[in-house]
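Notes for the one structure printed next.
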Amino acid sequence: MNENKDYLKHNKNAWNNKTEVHIASEFYDMKGFLEGKSTLNSIELELLGDISNKKILHLQCHFGQDTMTFARIGAQATGIDFSEKAIEKATEFSKQLNLDTTFICCDIYEAPKYLKDQFDIVFTSYGTIGWFPDLDKWAKVVSHFLKPGGKFIMADFHPVVWMYDNDFKEVFYSYFNIEPIIEDESGTYADRYSKIEAKTITWNHPISEILNALLTNGIELNSFNEYDYSPYNCFNNTEEFEPNKFRIKTLENKIPMVYSIKGTKK
């Protein structure tokens, strides 16, 4: 596969630029969060179950809202992200809220060099794995950090969603991971009118590639679910058909928008 060597540089720059805009956005509702609002959705909460006193590693934590929500409900939570600005902000907010969290800034592929612990749960969610060219390397990291018998929990946007153009009018990209998707984007899902601009390099990973990467690296599959809605209003041309459940108006319930995975390390 033609992997663009500069993907980390471009993507890190994009996420560093997004951080301040996201913190200020209605989408992330920082005021509500600081006052105690949970950022977790029913999809992942059902898979997580009771996490009190559990050690959780959150991969690609952005500026740490979910990581801090884990700490608020009794877990010992660690978040990793490659954006220096995001981790700086996560650390600030965590100190302000006096929470039991640790934040580490590094490329996820390199995380075993920065962290020696093992965890009861490894978690990742929503818009994460598309930033990786190689899912086998990613799944090795997941497996590395899980205790034997530990759980891997994931909820993410379905690869079918990434096949469409931004307005969901035509199938634009392949479902299969045949080449990097290189885009010049303006604005961001949390604030479409923001002035930020960035080059991003992503990959669309079909479900078979995701599941095989996990299975090959010792993660047994316990459940796999698909959902015909997004819990976030982060796409164009959406309608809210139930509270906090969004679909593409023209596509209704005809496409999967999110999937979830629960697995156990052998």
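Chain identifiers are assigned as A, B, and so on, following the order in which chains appear in the structure tokens; residues are numbered from 1 within each chain, and ligands are numbered from 1 in order of appearance.
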Long-range neighbours of range 253-264 of chain A as number ranges by chain, 8 Å cut-off, only C-alpha atoms, 2 positions minimum in chain: A: 43-44, 47, 148-158, 160-161, 219-230, 247, 251, 266
Neighbours of Glu239 in chain A within 12 Å (only C-alpha atoms; same-chain residues fewer than 2 positions away dropped), as number ranges by chain? A: 229-237, 241-253
Could you write out, as a PyMOL selection string, all the residues of range 29-169 of chain A that DSSP marks as strand (DSSP E or B)? chain A and resi 55-59+76-81+101-105+119-125+146-157+164
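Distance annotation: of A:Lys18, A:Lys140, A:Lys95, A:Lys85, the residue with the minimal separation from Pro112 in chain A is A:Lys140; atom set is only C-alpha atoms.
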Please list as a ChimeraX atom specification every residue within 12 Å of His144 in chain A, counting only C-alpha atoms and excluding residues in the same chain fewer than 2 positions away. /A:57,108-113,115-122,137-142,146-148,150,152,214,217-219,265-266
Can you write just those residues out, N, CA, C and O atoms, as a compact mmCIF listing (two decimals), in the first residue's frame?
# COMPACT_ATOMS: atom_id res chain seq x y z
N LEU A 57 -7.31 2.12 29.85
CA LEU A 57 -6.46 2.87 28.94
C LEU A 57 -7.32 3.35 27.78
O LEU A 57 -7.97 2.55 27.09
N ILE A 108 0.31 6.49 18.94
CA ILE A 108 -0.21 5.23 19.54
C ILE A 108 0.70 4.04 19.22
O ILE A 108 0.93 3.18 20.07
N TYR A 109 1.24 3.99 18.00
CA TYR A 109 2.16 2.89 17.64
C TYR A 109 3.36 2.84 18.59
O TYR A 109 3.94 1.77 18.81
N GLU A 110 3.76 4.00 19.13
CA GLU A 110 4.95 4.09 19.99
C GLU A 110 4.61 3.96 21.48
O GLU A 110 5.51 4.00 22.33
N ALA A 111 3.34 3.83 21.80
CA ALA A 111 2.90 3.90 23.21
C ALA A 111 3.61 2.91 24.15
O ALA A 111 3.91 3.27 25.29
N PRO A 112 3.93 1.68 23.71
CA PRO A 112 4.62 0.77 24.64
C PRO A 112 5.97 1.30 25.13
O PRO A 112 6.47 0.85 26.16
N LYS A 113 6.57 2.27 24.43
CA LYS A 113 7.83 2.86 24.90
C LYS A 113 7.58 3.87 26.02
O LYS A 113 8.50 4.24 26.74
N LEU A 115 4.75 3.78 28.27
CA LEU A 115 3.86 3.31 29.33
C LEU A 115 4.11 1.83 29.57
O LEU A 115 4.12 1.04 28.62
N LYS A 116 4.32 1.47 30.83
CA LYS A 116 4.67 0.08 31.14
C LYS A 116 3.52 -0.73 31.76
O LYS A 116 3.64 -1.93 31.93
N ASP A 117 2.40 -0.08 32.10
CA ASP A 117 1.30 -0.77 32.80
C ASP A 117 0.54 -1.72 31.89
O ASP A 117 0.62 -1.64 30.67
N GLN A 118 -0.25 -2.61 32.55
CA GLN A 118 -1.27 -3.37 31.84
C GLN A 118 -2.62 -2.98 32.42
O GLN A 118 -2.71 -2.53 33.55
N PHE A 119 -3.69 -3.18 31.63
CA PHE A 119 -4.99 -2.61 31.98
C PHE A 119 -6.10 -3.66 31.95
O PHE A 119 -6.02 -4.65 31.21
N ASP A 120 -7.13 -3.39 32.74
CA ASP A 120 -8.33 -4.24 32.72
C ASP A 120 -9.13 -4.00 31.44
O ASP A 120 -9.78 -4.92 30.92
N ILE A 121 -9.11 -2.75 30.97
CA ILE A 121 -9.89 -2.37 29.79
C ILE A 121 -9.05 -1.45 28.90
O ILE A 121 -8.41 -0.52 29.40
N VAL A 122 -9.05 -1.71 27.60
CA VAL A 122 -8.53 -0.75 26.62
C VAL A 122 -9.74 -0.27 25.82
O VAL A 122 -10.56 -1.08 25.37
N LYS A 137 -0.52 -3.30 13.41
CA LYS A 137 0.32 -2.62 14.42
C LYS A 137 -0.53 -2.04 15.55
O LYS A 137 -0.16 -2.08 16.71
N TRP A 138 -1.69 -1.50 15.17
CA TRP A 138 -2.63 -0.94 16.17
C TRP A 138 -3.13 -2.04 17.12
O TRP A 138 -3.13 -1.88 18.33
N ALA A 139 -3.55 -3.16 16.55
CA ALA A 139 -4.10 -4.25 17.36
C ALA A 139 -3.02 -4.87 18.27
O ALA A 139 -3.32 -5.31 19.38
N LYS A 140 -1.76 -4.87 17.81
CA LYS A 140 -0.66 -5.33 18.67
C LYS A 140 -0.54 -4.44 19.91
O LYS A 140 -0.26 -4.92 21.01
N VAL A 141 -0.73 -3.14 19.74
CA VAL A 141 -0.67 -2.19 20.87
C VAL A 141 -1.83 -2.46 21.83
O VAL A 141 -1.65 -2.51 23.05
N VAL A 142 -3.03 -2.66 21.28
CA VAL A 142 -4.21 -2.99 22.10
C VAL A 142 -3.90 -4.23 22.95
O VAL A 142 -4.08 -4.23 24.17
N LEU A 146 -3.37 -4.96 27.33
CA LEU A 146 -4.43 -5.67 28.06
C LEU A 146 -3.86 -6.78 28.93
O LEU A 146 -3.03 -7.57 28.49
N LYS A 147 -4.35 -6.87 30.17
CA LYS A 147 -4.07 -8.04 31.00
C LYS A 147 -4.73 -9.25 30.35
O LYS A 147 -5.75 -9.10 29.68
N PRO A 148 -4.20 -10.46 30.59
CA PRO A 148 -4.95 -11.65 30.14
C PRO A 148 -6.35 -11.62 30.76
O PRO A 148 -6.50 -11.35 31.95
N GLY A 150 -8.43 -9.34 30.04
CA GLY A 150 -8.86 -7.94 29.97
C GLY A 150 -9.77 -7.70 28.77
O GLY A 150 -9.75 -8.47 27.79
N PHE A 152 -11.38 -5.41 25.58
CA PHE A 152 -11.22 -4.34 24.61
C PHE A 152 -12.62 -3.86 24.22
O PHE A 152 -13.47 -4.66 23.83
N LEU A 214 -7.65 -7.71 15.17
CA LEU A 214 -7.83 -8.04 16.59
C LEU A 214 -7.68 -9.54 16.83
O LEU A 214 -6.97 -9.96 17.75
N ASN A 217 -4.22 -10.88 16.79
CA ASN A 217 -3.39 -10.44 17.92
C ASN A 217 -3.96 -10.85 19.28
O ASN A 217 -3.72 -10.19 20.30
N GLY A 218 -4.72 -11.95 19.27
CA GLY A 218 -5.11 -12.57 20.54
C GLY A 218 -6.32 -11.96 21.23
O GLY A 218 -6.54 -12.22 22.42
N ILE A 219 -7.12 -11.18 20.49
CA ILE A 219 -8.34 -10.63 21.07
C ILE A 219 -9.52 -11.46 20.57
O ILE A 219 -9.82 -11.45 19.36
N LYS A 265 -8.90 -10.41 25.81
CA LYS A 265 -7.56 -10.94 25.51
C LYS A 265 -7.44 -12.36 26.05
O LYS A 265 -7.74 -12.60 27.20
N LYS A 266 -6.99 -13.26 25.19
CA LYS A 266 -6.85 -14.67 25.59
C LYS A 266 -5.85 -14.81 26.73
O LYS A 266 -4.84 -14.12 26.76
Return the single residue from A:Asn204, A:Gln60, A:Ser194, A:Thr69 that is closest to Thr128 in chain A, with distances computed using only C-alpha atoms. A:Gln60
Work out how far apart CA of Phe132 in chain A and CA of Tyr7 in chain A are and give it in Å to one decimal. 9.0 Å
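Distance-wise, CA of Glu20 in chain A and CA of Asp167 in chain A end up 25.7 Å apart.
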Separation of CA of Asp29 in chain A from CA of Ala190 in chain A, in Å and rounded to one decimal: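 Separating CA of Asp29 in chain A from CA of Ala190 in chain A is a distance of 10.2 Å.
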Measuring atom to atom with only C-alpha atoms, identify which of A:Ala86, A:Leu40, A:Ile210, A:Ala71 is nearest to Thr101 in chain A. A:Ala71
List the neighbours of Cys105 in chain A out to 9 Å using only C-alpha atoms; skip same-chain residues closer than 3 positions along the sequence, and give me the result as a list in words. Gly79, Ile80, Asp81, Phe82, Ser83, Glu84, Ala86, Ile87, Glu88, Ile108, Ala111 and Tyr114 of chain A
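With only C-alpha atoms as the atoms that count, the residue of A:Asn17, A:Gln76, A:Ser208, A:Thr202 with the shortest distance to Pro180 in chain A is A:Thr202.
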If DSSP is run on the backbone, what residues of range 12-186 of chain A are alpha helix (DSSP H)? A reply as a ChimeraX atom specification would be ideal. /A:12-24,30-34,42-48,65-72,84-97,111-114,135-145
